Amino acid sequence: MEFLGLSLALFGAALAAALAGIGSAIGIGIAGGAAAGVMTEDPNKFGSCLILQALPGTQGIYGLLIAFFVLNKLGLLGGAGAVALNWNQGLQILASCLPIAVVGWYSAIWQGKTSAASIQMISKKPEAMGKAIILPAMVETYAVLALLTSILMLMGVQVG
Amino acid sequence: MSYVYTVARLRGMENHILDSAFFSRLMDSAGIDEAVKALGETSYSQWISGANFDKAIDSEILATCEELKTFVPDRELLDIFRLPYDFHNVKVLLKGLFKVRGGESEGRRYDLLSKLGTIDSDELTTAIETEEYGFLPYGLTDLIPQCWQLWDQTKNAQAVELLIDHQMFRAMLKLAEGLNMPDITQWVREKIDAENLRSAIRLARMKYEPAKALAFFHEGGTIRPDDMAKLLSEPQETWSRLLSYKDIGRVLSALQDSGDMKVALSEVSKSLDDYLIQVLEKAKYSMDDPANVLLYLLTKEAEARNVRVALVCVAGGLDREFGRRLLSNGR
């Protein structure tokens, strides 16, 4: 039971980085499929397609950010040694990681789909690039909210 | 290959579909040379050589099908579009052989065969002429002997044609149901309705009785053949109202509004083609709906039809306003 708290906290960090990263990979894959289709017909749209394809990648970054935050809180970065955690504190850190893990995973997939639709839109109306970015960016809002929730929750957990 | 890629690529290809402004310009051409020059700026230019425009137009659609074959995940979607051309070829070959059997040595019309079918037209010709039907798909193995039997009994080419059409729609529906895509199945059923309505209009002009006309209607549509046949006992002006419970009913409003039946018939025929495109148009709002493949092909076919109408009008010096009315609203 000595390391249960630490294990739970690390499990939370792993979930945040892994689930949000998987979601981003899927989202970027979906948008990439659309980008490849459009660029087969018009290679000049590479720049616009790349921006839209990259949008679902942010959730993976948010997940990584939370994982670093947790590792820092646990004292695992910088070589100072891990802080002592009881299982209750570990569970609190795990719970703090869940918003970005779950919302990041799911929102990245849907953002990928919206980006794919936007890529199809600019294939017909290149002048609508601004609008095409705003639509998938709306999905991003909820990933940002989840990121904030995870950060605020983590800041509230007392360790050491 | 996913449908996200497929649909995105189709969106790119849609940019090359000829629009109404181009057809207006084509219609305004002073002569065929000017029209051909205008077409020279389009993808049709690579196929135009000499005066055989039909072959050029078919080549363009064939090239489109071949291109789509390389990236559409379900080949059956293309087959649904191409299947009518297979059955057209079967009709051409059988009618030719009927004439040959009847003593007309020049009965065969290979020039009417389309390259757009899924079965190579040369292979189909060999199969039918050598009576080796075993490898033929879409129920043709059983259908062709039945056609011969019917011909021997009745010598009625129209009855044979009807038998072939019945099988064509059965095969289309089977292909669509096999795809497990409800929108595609619905489209095939609407196509059957559209074909039945065309038949109903023709039969009404010939003053057919409902009971006798029943055999002309195909099974599988959203409107039962019985109900189609019942239309014949009603004045054509009321058909639109009688079918108002179906979306396709509004297509018949031309019969109600126009005093000139000839004009009304061409309007309805054009509207039915447009309607079959509209049925699939909701797919435009999806980034990965497979129905977009069929929608693109139908739009391309409408474009080809418009090119044909425009060229015939310009080459034949026909009334341009009448020609404009015949143009489909493909894009």
# chains A, B, ... in the order shown; residues from 1 in each chain; ligands from 1
call {"tool": "residues_around", "arguments": {"residues": "Ala18 in chain A", "least_positions_apart": "2", "cutoff": "8 Å", "atoms": "only C-alpha atoms", "output": "list in words"}}
result
Ala14, Leu15, Ala16, Ala20, Gly21, Ile22, Gly60, Gly63 and Ala101 of chain A
call {"tool": "write_last_selection", "arguments": {"atoms": "C-alpha atoms", "output": "short mmCIF file (atom, residue, chain, number, x, y, z; two decimals), in the first residue's frame"}}
result
data_model
loop_
_atom_site.label_atom_id
_atom_site.label_comp_id
_atom_site.auth_asym_id
_atom_site.auth_seq_id
_atom_site.Cartn_x
_atom_site.Cartn_y
_atom_site.Cartn_z
CA ALA A 14 -0.52 8.29 -18.19
CA LEU A 15 -4.24 8.49 -18.97
CA ALA A 16 -4.04 12.23 -19.66
CA ALA A 20 -5.70 12.76 -25.37
CA GLY A 21 -2.80 11.69 -27.61
CA ILE A 22 -4.79 8.82 -29.12
CA GLY A 60 -2.46 15.66 -27.33
CA GLY A 63 -2.67 15.86 -22.24
CA ALA A 101 -8.02 12.56 -20.68
#
call {"tool": "residues_around", "arguments": {"residues": "Arg324 in chain B", "least_positions_apart": "5", "cutoff": "12 Å", "atoms": "only C-alpha atoms", "output": "PyMOL selection string"}}
result
chain B and resi 20-21+23-28+266-267+270+306-314+318-319+329
call {"tool": "write_last_selection", "arguments": {"atoms": "C-alpha atoms", "output": "PDB file, in the first residue's frame"}}
result
ATOM      1  CA  SER B  20     -24.752  26.777 -66.147  1.00  0.00           C
ATOM      2  CA  ALA B  21     -22.738  29.811 -67.312  1.00  0.00           C
ATOM      3  CA  PHE B  23     -23.710  25.867 -70.999  1.00  0.00           C
ATOM      4  CA  SER B  24     -25.235  29.249 -71.671  1.00  0.00           C
ATOM      5  CA  ARG B  25     -22.072  30.147 -73.587  1.00  0.00           C
ATOM      6  CA  LEU B  26     -22.165  26.810 -75.409  1.00  0.00           C
ATOM      7  CA  MET B  27     -25.772  27.369 -76.403  1.00  0.00           C
ATOM      8  CA  ASP B  28     -24.919  30.849 -77.691  1.00  0.00           C
ATOM      9  CA  SER B 266     -40.021  16.896 -71.787  1.00  0.00           C
ATOM     10  CA  GLU B 267     -40.229  19.065 -68.667  1.00  0.00           C
ATOM     11  CA  LYS B 270     -35.959  16.493 -67.197  1.00  0.00           C
ATOM     12  CA  ASN B 306     -26.255  18.811 -71.243  1.00  0.00           C
ATOM     13  CA  VAL B 307     -23.196  18.787 -73.507  1.00  0.00           C
ATOM     14  CA  ARG B 308     -25.043  16.430 -75.859  1.00  0.00           C
ATOM     15  CA  VAL B 309     -28.198  18.612 -75.886  1.00  0.00           C
ATOM     16  CA  ALA B 310     -26.176  21.756 -76.500  1.00  0.00           C
ATOM     17  CA  LEU B 311     -24.157  20.212 -79.329  1.00  0.00           C
ATOM     18  CA  VAL B 312     -27.263  18.779 -80.999  1.00  0.00           C
ATOM     19  CA  CYS B 313     -28.989  22.177 -80.765  1.00  0.00           C
ATOM     20  CA  VAL B 314     -25.991  24.064 -82.135  1.00  0.00           C
ATOM     21  CA  LEU B 318     -32.522  23.988 -83.432  1.00  0.00           C
ATOM     22  CA  ASP B 319     -34.441  26.459 -81.318  1.00  0.00           C
ATOM     23  CA  ASN B 329     -29.703  21.571 -63.410  1.00  0.00           C
TER      24      ASN B 329
END
call {"tool": "residues_around", "arguments": {"residues": "Thr58 in chain A", "least_positions_apart": "4", "cutoff": "9 Å", "atoms": "only C-alpha atoms", "output": "list of chain:residue names"}}
result
A:Ala20, A:Gly21, A:Ser24, A:Ala54, A:Tyr62, A:Gly63, A:Gly104, A:Ala108, A:Glu140, A:Ala143
call {"tool": "interface_residues", "arguments": {"of": "chain B", "to": "chain A", "cutoff": "9 Å", "atoms": "only C-alpha atoms", "output": "list in words"}}
result
Met1, Ser2, Tyr3, Val4, Tyr5, Thr6, Val7, Ala8, Arg9, Leu10, Arg11, Gly12, Met13, Glu14, Asn15, Tyr285, Ser286, Met287 and Asp288 of chain B
call {"tool": "write_last_selection", "arguments": {"atoms": "C-alpha atoms", "output": "compact mmCIF listing (two decimals), in the first residue's frame"}}
result
# COMPACT_ATOMS: atom_id res chain seq x y z
CA MET B 1 -9.14 4.07 -48.71
CA SER B 2 -11.71 5.83 -46.52
CA TYR B 3 -14.77 7.77 -47.58
CA VAL B 4 -13.29 10.90 -45.94
CA TYR B 5 -10.56 10.80 -48.59
CA THR B 6 -13.01 9.79 -51.31
CA VAL B 7 -15.49 12.56 -50.60
CA ALA B 8 -12.73 15.17 -50.24
CA ARG B 9 -11.33 14.17 -53.61
CA LEU B 10 -14.78 14.32 -55.15
CA ARG B 11 -15.17 17.85 -53.75
CA GLY B 12 -12.01 18.77 -55.63
CA MET B 13 -13.27 17.09 -58.80
CA GLU B 14 -16.60 18.90 -58.53
CA ASN B 15 -14.76 22.14 -59.25
CA TYR B 285 -23.50 18.05 -46.17
CA SER B 286 -21.62 14.98 -44.98
CA MET B 287 -17.86 14.64 -45.17
CA ASP B 288 -17.91 10.84 -45.50
call {"tool": "closest_residue", "arguments": {"among": "A:Ala80, A:Ala13, A:Leu55, A:Leu8", "to": "Ala132 in chain A", "atoms": "only C-alpha atoms"}}
result
A:Leu55
